[in-house]
file protein.pdb (PDB, C-alpha atoms, pLDDT in the B column)
ATOM      1  CA  MET A1459      57.760  28.348  64.015  1.00 60.00           C
ATOM      2  CA  PHE A1460      55.265  25.822  62.775  1.00 79.00           C
ATOM      3  CA  VAL A1461      55.922  22.097  63.015  1.00 91.00           C
ATOM      4  CA  ASN A1462      54.850  19.928  60.094  1.00 96.00           C
ATOM      5  CA  LEU A1463      52.729  17.159  61.586  1.00 97.00           C
ATOM      6  CA  LEU A1464      52.958  15.082  58.396  1.00 97.00           C
ATOM      7  CA  LYS A1465      55.854  12.659  58.453  1.00 97.00           C
ATOM      8  CA  ASN A1466      57.906  11.999  55.315  1.00 97.00           C
ATOM      9  CA  PRO A1467      56.198  14.669  53.172  1.00 96.00           C
ATOM     10  CA  ASN A1468      58.669  14.422  50.260  1.00 95.00           C
ATOM     11  CA  GLY A1469      59.443  10.723  49.974  1.00 95.00           C
ATOM     12  CA  ASP A1470      62.852  10.941  51.650  1.00 95.00           C
ATOM     13  CA  GLU A1471      61.920   7.835  53.690  1.00 95.00           C
ATOM     14  CA  ASP A1472      60.387   5.858  50.822  1.00 95.00           C
ATOM     15  CA  PHE A1473      56.693   5.324  51.756  1.00 96.00           C
ATOM     16  CA  GLU A1474      57.262   5.247  55.529  1.00 96.00           C
ATOM     17  CA  HIS A1475      54.292   6.703  57.494  1.00 97.00           C
ATOM     18  CA  TRP A1476      51.956   6.615  54.453  1.00 98.00           C
ATOM     19  CA  GLU A1477      49.076   4.202  53.933  1.00 97.00           C
ATOM     20  CA  LEU A1478      48.694   3.378  50.242  1.00 97.00           C
ATOM     21  CA  ILE A1479      44.909   3.532  49.728  1.00 97.00           C
ATOM     22  CA  GLU A1480      45.069   2.897  45.986  1.00 95.00           C
ATOM     23  CA  ASN A1481      48.188   1.679  44.233  1.00 96.00           C
ATOM     24  CA  GLY A1482      47.035   1.153  40.653  1.00 94.00           C
ATOM     25  CA  GLY A1483      48.803   0.872  37.337  1.00 94.00           C
ATOM     26  CA  ASP A1484      52.535   0.485  37.840  1.00 96.00           C
ATOM     27  CA  GLN A1485      51.982   1.711  41.424  1.00 96.00           C
ATOM     28  CA  TRP A1486      53.376   4.657  43.357  1.00 97.00           C
ATOM     29  CA  ARG A1487      57.027   5.547  42.858  1.00 96.00           C
ATOM     30  CA  ILE A1488      59.481   8.078  44.275  1.00 96.00           C
ATOM     31  CA  GLU A1489      61.618  10.092  41.859  1.00 94.00           C
ATOM     32  CA  GLU A1490      64.369  12.701  42.136  1.00 93.00           C
ATOM     33  CA  MET A1491      63.757  16.346  41.173  1.00 90.00           C
ATOM     34  CA  PRO A1492      63.145  17.478  38.504  1.00 88.00           C
ATOM     35  CA  GLY A1493      62.465  14.068  36.909  1.00 83.00           C
ATOM     36  CA  ASP A1494      61.744  13.326  33.259  1.00 86.00           C
ATOM     37  CA  CYS A1495      59.774  16.130  31.588  1.00 82.00           C
ATOM     38  CA  GLY A1496      59.557  17.927  34.938  1.00 83.00           C
ATOM     39  CA  HIS A1497      60.338  21.225  36.635  1.00 82.00           C
ATOM     40  CA  ASP A1498      62.608  22.200  39.521  1.00 82.00           C
ATOM     41  CA  PHE A1499      60.937  22.798  42.870  1.00 85.00           C
ATOM     42  CA  SER A1500      60.722  26.126  44.698  1.00 80.00           C
ATOM     43  CA  TYR A1501      62.792  24.981  47.688  1.00 80.00           C
ATOM     44  CA  ASN A1502      66.230  23.389  47.349  1.00 81.00           C
ATOM     45  CA  SER A1503      65.553  21.308  50.466  1.00 85.00           C
ATOM     46  CA  VAL A1504      62.924  19.278  48.558  1.00 89.00           C
ATOM     47  CA  THR A1505      64.768  16.834  46.292  1.00 92.00           C
ATOM     48  CA  LYS A1506      62.188  14.069  45.772  1.00 95.00           C
ATOM     49  CA  TYR A1507      58.518  13.638  44.970  1.00 96.00           C
ATOM     50  CA  PHE A1508      55.895  10.895  44.876  1.00 97.00           C
ATOM     51  CA  CYS A1509      54.744   9.924  41.385  1.00 97.00           C
ATOM     52  CA  THR A1510      51.506   8.249  40.272  1.00 97.00           C
ATOM     53  CA  SER A1511      50.788   5.854  37.429  1.00 96.00           C
ATOM     54  CA  PHE A1512      48.040   5.119  34.872  1.00 95.00           C
ATOM     55  CA  GLU A1513      45.392   3.967  37.365  1.00 96.00           C
ATOM     56  CA  PRO A1514      44.396   5.734  40.604  1.00 96.00           C
ATOM     57  CA  CYS A1515      47.151   6.103  43.175  1.00 97.00           C
ATOM     58  CA  LEU A1516      46.074   7.569  46.539  1.00 98.00           C
ATOM     59  CA  LYS A1517      47.975   7.680  49.815  1.00 98.00           C
ATOM     60  CA  LYS A1518      46.898   8.808  53.257  1.00 98.00           C
ATOM     61  CA  GLN A1519      48.299   9.754  56.620  1.00 98.00           C
ATOM     62  CA  VAL A1520      46.192  10.136  59.764  1.00 98.00           C
ATOM     63  CA  ILE A1521      47.693  12.388  62.435  1.00 98.00           C
ATOM     64  CA  ASP A1522      46.799  11.670  66.071  1.00 98.00           C
ATOM     65  CA  LEU A1523      46.879  15.073  67.763  1.00 97.00           C
ATOM     66  CA  LEU A1524      46.926  13.713  71.321  1.00 96.00           C
ATOM     67  CA  GLU A1525      49.989  11.586  70.450  1.00 96.00           C
ATOM     68  CA  ASN A1526      51.549  14.819  69.163  1.00 95.00           C
ATOM     69  CA  ASN A1527      51.084  16.440  72.594  1.00 94.00           C
ATOM     70  CA  TYR A1528      48.085  18.616  71.774  1.00 94.00           C
ATOM     71  CA  ASP A1529      45.841  19.239  74.767  1.00 94.00           C
ATOM     72  CA  PRO A1530      42.182  18.223  74.216  1.00 96.00           C
ATOM     73  CA  GLU A1531      40.901  21.226  76.172  1.00 94.00           C
ATOM     74  CA  THR A1532      42.981  23.653  74.104  1.00 93.00           C
ATOM     75  CA  LEU A1533      41.799  22.002  70.886  1.00 95.00           C
ATOM     76  CA  ASP A1534      38.153  22.256  72.018  1.00 96.00           C
ATOM     77  CA  ILE A1535      38.215  25.802  73.393  1.00 95.00           C
ATOM     78  CA  ALA A1536      40.847  27.636  71.333  1.00 94.00           C
ATOM     79  CA  GLN A1537      40.157  25.692  68.120  1.00 96.00           C
ATOM     80  CA  PRO A1538      43.538  26.697  66.699  1.00 95.00           C
ATOM     81  CA  ALA A1539      43.769  27.222  62.949  1.00 96.00           C
ATOM     82  CA  VAL A1540      44.828  24.111  61.036  1.00 97.00           C
ATOM     83  CA  THR A1541      46.643  24.876  57.772  1.00 97.00           C
ATOM     84  CA  ILE A1542      47.330  22.347  55.070  1.00 98.00           C
ATOM     85  CA  GLU A1543      49.651  22.743  52.118  1.00 97.00           C
ATOM     86  CA  ASP A1544      50.369  20.491  49.186  1.00 97.00           C
ATOM     87  CA  TRP A1545      52.333  20.833  45.949  1.00 97.00           C
ATOM     88  CA  TYR A1546      51.545  19.033  42.708  1.00 97.00           C
ATOM     89  CA  SER A1547      52.756  19.063  39.126  1.00 96.00           C
ATOM     90  CA  GLY A1548      52.385  17.213  35.875  1.00 94.00           C
ATOM     91  CA  ARG A1549      54.783  16.190  33.156  1.00 91.00           C
ATOM     92  CA  THR A1550      55.265  18.207  29.997  1.00 89.00           C
ATOM     93  CA  ASP A1551      54.436  15.143  27.861  1.00 92.00           C
ATOM     94  CA  CYS A1552      51.284  13.657  29.471  1.00 93.00           C
ATOM     95  CA  GLY A1553      48.169  14.977  31.170  1.00 94.00           C
ATOM     96  CA  CYS A1554      47.252  13.997  34.717  1.00 96.00           C
ATOM     97  CA  ILE A1555      44.644  14.337  37.448  1.00 97.00           C
ATOM     98  CA  TYR A1556      45.386  15.573  40.992  1.00 98.00           C
ATOM     99  CA  LYS A1557      43.161  14.717  43.960  1.00 98.00           C
ATOM    100  CA  LEU A1558      43.234  16.035  47.537  1.00 98.00           C
ATOM    101  CA  SER A1559      41.045  15.400  50.564  1.00 98.00           C
ATOM    102  CA  VAL A1560      41.790  16.609  54.104  1.00 98.00           C
ATOM    103  CA  ALA A1561      39.451  16.026  57.037  1.00 98.00           C
ATOM    104  CA  LEU A1562      39.399  17.085  60.666  1.00 98.00           C
ATOM    105  CA  LEU A1563      38.201  14.109  62.720  1.00 98.00           C
ATOM    106  CA  ASP A1564      36.811  13.583  66.223  1.00 97.00           C
ATOM    107  CA  GLU A1565      37.855  10.849  68.679  1.00 96.00           C
ATOM    108  CA  ASN A1566      35.825   8.262  66.702  1.00 97.00           C
ATOM    109  CA  GLN A1567      37.433   9.484  63.454  1.00 96.00           C
ATOM    110  CA  GLU A1568      34.117  10.954  62.294  1.00 97.00           C
ATOM    111  CA  VAL A1569      34.413  14.029  60.048  1.00 97.00           C
ATOM    112  CA  ILE A1570      34.070  17.438  61.754  1.00 97.00           C
ATOM    113  CA  ALA A1571      35.190  19.496  58.765  1.00 97.00           C
ATOM    114  CA  GLU A1572      36.531  18.618  55.330  1.00 98.00           C
ATOM    115  CA  PHE A1573      38.444  20.274  52.512  1.00 98.00           C
ATOM    116  CA  LYS A1574      38.005  18.364  49.271  1.00 98.00           C
ATOM    117  CA  PRO A1575      38.535  20.605  46.252  1.00 97.00           C
ATOM    118  CA  ASP A1576      37.485  19.476  42.794  1.00 97.00           C
ATOM    119  CA  ASP A1577      39.983  17.227  41.062  1.00 97.00           C
ATOM    120  CA  VAL A1578      42.465  19.191  38.957  1.00 96.00           C
ATOM    121  CA  THR A1579      43.266  18.039  35.426  1.00 95.00           C
ATOM    122  CA  LEU A1580      46.603  19.218  34.060  1.00 93.00           C
ATOM    123  CA  ASP A1581      47.028  19.249  30.297  1.00 92.00           C
ATOM    124  CA  PRO A1582      50.545  19.976  28.970  1.00 88.00           C
ATOM    125  CA  ASP A1583      48.979  21.561  25.863  1.00 89.00           C
ATOM    126  CA  THR A1584      47.379  24.317  27.957  1.00 88.00           C
ATOM    127  CA  ASP A1585      49.426  24.294  31.191  1.00 84.00           C
ATOM    128  CA  ASP A1586      53.172  24.540  31.819  1.00 85.00           C
ATOM    129  CA  CYS A1587      52.834  21.685  34.356  1.00 83.00           C
ATOM    130  CA  SER A1588      55.108  23.478  36.850  1.00 90.00           C
ATOM    131  CA  TRP A1589      54.702  22.927  40.597  1.00 94.00           C
ATOM    132  CA  LYS A1590      51.464  24.406  41.974  1.00 95.00           C
ATOM    133  CA  GLN A1591      50.606  25.004  45.604  1.00 96.00           C
ATOM    134  CA  VAL A1592      47.314  24.283  47.349  1.00 97.00           C
ATOM    135  CA  THR A1593      46.728  25.751  50.797  1.00 97.00           C
ATOM    136  CA  TYR A1594      43.691  25.787  53.016  1.00 98.00           C
ATOM    137  CA  THR A1595      43.114  26.845  56.623  1.00 98.00           C
ATOM    138  CA  PHE A1596      40.428  25.348  58.836  1.00 97.00           C
ATOM    139  CA  THR A1597      39.009  27.785  61.433  1.00 96.00           C
ATOM    140  CA  ASN A1598      35.909  27.830  63.675  1.00 95.00           C
ATOM    141  CA  TYR A1599      35.424  24.098  63.173  1.00 96.00           C
ATOM    142  CA  GLY A1600      33.930  23.410  66.612  1.00 95.00           C
ATOM    143  CA  PRO A1601      35.069  21.227  69.517  1.00 96.00           C
ATOM    144  CA  GLY A1602      36.193  17.619  69.274  1.00 96.00           C
ATOM    145  CA  LEU A1603      39.219  17.722  66.951  1.00 97.00           C
ATOM    146  CA  ARG A1604      41.515  14.765  67.706  1.00 98.00           C
ATOM    147  CA  PHE A1605      42.791  13.507  64.310  1.00 98.00           C
ATOM    148  CA  ILE A1606      43.602  14.956  60.894  1.00 98.00           C
ATOM    149  CA  SER A1607      43.368  12.821  57.765  1.00 98.00           C
ATOM    150  CA  PHE A1608      45.449  13.936  54.760  1.00 98.00           C
ATOM    151  CA  GLU A1609      44.950  12.046  51.484  1.00 98.00           C
ATOM    152  CA  HIS A1610      46.208  12.868  47.997  1.00 98.00           C
ATOM    153  CA  GLY A1611      47.288  11.407  44.670  1.00 98.00           C
ATOM    154  CA  GLY A1612      45.908  10.933  41.185  1.00 97.00           C
ATOM    155  CA  GLU A1613      46.773   9.323  37.866  1.00 97.00           C
ATOM    156  CA  ASP A1614      47.662  10.113  34.264  1.00 96.00           C
ATOM    157  CA  THR A1615      45.016  10.871  31.629  1.00 95.00           C
ATOM    158  CA  LYS A1616      46.426   8.797  28.760  1.00 93.00           C
ATOM    159  CA  PHE A1617      46.712   5.395  30.460  1.00 92.00           C
ATOM    160  CA  TRP A1618      50.428   5.186  29.589  1.00 91.00           C
ATOM    161  CA  LYS A1619      52.454   2.391  31.170  1.00 93.00           C
ATOM    162  CA  GLY A1620      54.915   3.805  33.698  1.00 92.00           C
ATOM    163  CA  TRP A1621      54.797   6.901  35.884  1.00 94.00           C
ATOM    164  CA  PHE A1622      53.213   9.670  33.820  1.00 92.00           C
ATOM    165  CA  GLY A1623      50.645  10.718  36.452  1.00 95.00           C
ATOM    166  CA  VAL A1624      50.566  13.614  38.871  1.00 96.00           C
ATOM    167  CA  ARG A1625      53.552  14.283  41.121  1.00 96.00           C
ATOM    168  CA  VAL A1626      53.130  15.376  44.755  1.00 97.00           C
ATOM    169  CA  THR A1627      55.558  16.669  47.378  1.00 97.00           C
ATOM    170  CA  GLY A1628      56.061  19.379  50.000  1.00 95.00           C
ATOM    171  CA  SER A1629      52.913  18.404  51.884  1.00 97.00           C
ATOM    172  CA  SER A1630      52.326  19.858  55.336  1.00 97.00           C
ATOM    173  CA  VAL A1631      49.792  20.087  58.151  1.00 98.00           C
ATOM    174  CA  THR A1632      50.450  22.758  60.778  1.00 97.00           C
ATOM    175  CA  ILE A1633      48.510  24.036  63.768  1.00 96.00           C
ATOM    176  CA  ASP A1634      48.707  27.585  65.110  1.00 91.00           C
ATOM    177  CA  SER A1635      50.118  27.567  68.624  1.00 76.00           C
TER     178      SER A1635
END
call {"tool": "encode", "arguments": {"input": "protein.pdb", "output": "structure tokens"}}
result
Amino acid sequence: MFVNLLKNPNGDEDFEHWELIENGGDQWRIEEMPGDCGHDFSYNSVTKYFCTSFEPCLKKQVIDLLENNYDPETLDIAQPAVTIEDWYSGRTDCGCIYKLSVALLDENQEVIAEFKPDDVTLDPDTDDCSWKQVTYTFTNYGPGLRFISFEHGGEDTKFWKGWFGVRVTGSSVTIDS
């Protein structure tokens, strides 16, 4: 069984454990599934999501692997696979942009490896705006892994007042044991 190293991945604890990097427009908000002009989520256990506004909203969590009882020698020699997962969706009435950036960091929080896919633009005219999953697995990244930085968010594309931007939930960071 894999343990999710991200705390509060679905907004059940408000914004606890998250650093709000950008909090533009009407700022981040937490809403209940499925929300206005939204879709149900794949897992019944996920009942909330984070919602962005009309200017960039980005939030980040940095995981300290040593505080989570990972052995430095094991991390350096075995270099266990690190898998990230995130879910995002748009609204059926407004376009939005989704951003994701995950980095493996050394003891000085310098980047060892990074996954930063191109921003995704969702347009309700060409997309059903249902929940979409992003996964990525880091392997053979070299010695020195001590922290993992997970950052995501976005905004709407029409600059509408309120919370019409991308929605995110179900985020996870796991390490093969």
call {"tool": "closest_residue", "arguments": {"input": "protein.pdb", "among": "A:Pro1530, A:Gly1493, A:Pro1575, A:Gly1548", "to": "Thr1505 of chain A", "atoms": "only C-alpha atoms"}}
result
A:Gly1493
call {"tool": "residues_around", "arguments": {"input": "protein.pdb", "residues": "segment 1497-1500 of chain A", "least_positions_apart": "2", "cutoff": "7 Å", "atoms": "all atoms listed in the file", "output": "PyMOL selection string"}}
result
chain A and resi 1491-1492+1502+1504+1588-1589
call {"tool": "resolve_selection", "arguments": {"input": "protein.pdb", "expression": "the PyMOL selection byres ((chain A and resi 1566) around 12)", "output": "PyMOL selection string"}}
result
chain A and resi 1522+1562-1565+1567-1570+1602-1606
call {"tool": "closest_atom_pairs", "arguments": {"input": "protein.pdb", "of": "segment 1488-1587 of chain A", "to": "segment 1615-1625 of chain A", "cutoff": "6 Å", "atoms": "only C-alpha atoms", "output": "tab-separated table"}}
result
residue	atom	partner	partner_atom	distance
A:Phe1508	CA	A:Arg1625	CA	5.6
A:Cys1509	CA	A:Arg1625	CA	4.5
A:Thr1510	CA	A:Gly1623	CA	4.6
A:Ser1511	CA	A:Trp1621	CA	4.4
A:Phe1512	CA	A:Phe1617	CA	4.6
A:Tyr1546	CA	A:Arg1625	CA	5.4
A:Ser1547	CA	A:Arg1625	CA	5.2
A:Gly1548	CA	A:Val1624	CA	5.0
A:Gly1553	CA	A:Thr1615	CA	5.2
A:Cys1554	CA	A:Thr1615	CA	4.9
A:Tyr1556	CA	A:Val1624	CA	5.9
call {"tool": "closest_residue", "arguments": {"input": "protein.pdb", "among": "A:Ser1607, A:Ser1629, A:Asn1526, A:Gln1537", "to": "Lys1590 of chain A", "atoms": "all atoms listed in the file"}}
result
A:Ser1629
call {"tool": "atom_distance", "arguments": {"input": "protein.pdb", "atom1": "atom CA of Thr1595 of chain A", "atom2": "atom CA of Val1560 of chain A"}}
result
10.6 Å
call {"tool": "closest_residue", "arguments": {"input": "protein.pdb", "among": "A:Thr1627, A:His1610, A:Asn1466, A:Pro1601", "to": "Pro1538 of chain A", "atoms": "only C-alpha atoms"}}
result
A:Pro1601
call {"tool": "closest_residue", "arguments": {"input": "protein.pdb", "among": "A:Tyr1594, A:Lys1517, A:Thr1550, A:Glu1613", "to": "Thr1579 of chain A", "atoms": "only C-alpha atoms"}}
result
A:Glu1613
call {"tool": "closest_residue", "arguments": {"input": "protein.pdb", "among": "A:Ala1561, A:Val1592, A:Ile1542, A:Pro1582", "to": "Val1461 of chain A", "atoms": "all atoms listed in the file"}}
result
A:Ile1542
call {"tool": "atom_distance", "arguments": {"input": "protein.pdb", "atom1": "atom CA of Arg1549 of chain A", "atom2": "atom CA of Glu1489 of chain A"}}
result
12.6 Å
call {"tool": "closest_residue", "arguments": {"input": "protein.pdb", "among": "A:Asn1481, A:Ile1521, A:Asp1472, A:Arg1487", "to": "Ser1630 of chain A", "atoms": "all atoms listed in the file"}}
result
A:Ile1521
call {"tool": "atom_distance", "arguments": {"input": "protein.pdb", "atom1": "atom CA of Lys1574 of chain A", "atom2": "atom CA of Asp1470 of chain A"}}
result
26.0 Å
call {"tool": "resolve_selection", "arguments": {"input": "protein.pdb", "expression": "the PyMOL selection byres ((chain A and resi 1476) around 7)", "output": "list in words"}}
result
Phe1473, Glu1474, His1475, Glu1477, Leu1478, Lys1517, Lys1518 and Gln1519 of chain A
call {"tool": "write_last_selection", "arguments": {"input": "protein.pdb", "atoms": "C-alpha atoms", "output": "PDB file, in the frame of the given file"}}
result
ATOM      1  CA  PHE A1473      56.693   5.324  51.756  1.00 96.00           C
ATOM      2  CA  GLU A1474      57.262   5.247  55.529  1.00 96.00           C
ATOM      3  CA  HIS A1475      54.292   6.703  57.494  1.00 97.00           C
ATOM      4  CA  GLU A1477      49.076   4.202  53.933  1.00 97.00           C
ATOM      5  CA  LEU A1478      48.694   3.378  50.242  1.00 97.00           C
ATOM      6  CA  LYS A1517      47.975   7.680  49.815  1.00 98.00           C
ATOM      7  CA  LYS A1518      46.898   8.808  53.257  1.00 98.00           C
ATOM      8  CA  GLN A1519      48.299   9.754  56.620  1.00 98.00           C
TER       9      GLN A1519
END
call {"tool": "residues_around", "arguments": {"input": "protein.pdb", "residues": "Val1540 of chain A", "least_positions_apart": "3", "cutoff": "6 Å", "atoms": "all atoms listed in the file", "output": "list in words"}}
result
Thr1595, Phe1596, Thr1632 and Ile1633 of chain A
call {"tool": "write_last_selection", "arguments": {"input": "protein.pdb", "atoms": "C-alpha atoms", "output": "JSON list (two decimals), in the frame of the given file"}}
result
[["chain", "number", "residue", "atom", "x", "y", "z"],
["A", 1595, "THR", "CA", 43.11, 26.84, 56.62],
["A", 1596, "PHE", "CA", 40.43, 25.35, 58.84],
["A", 1632, "THR", "CA", 50.45, 22.76, 60.78],
["A", 1633, "ILE", "CA", 48.51, 24.04, 63.77]]
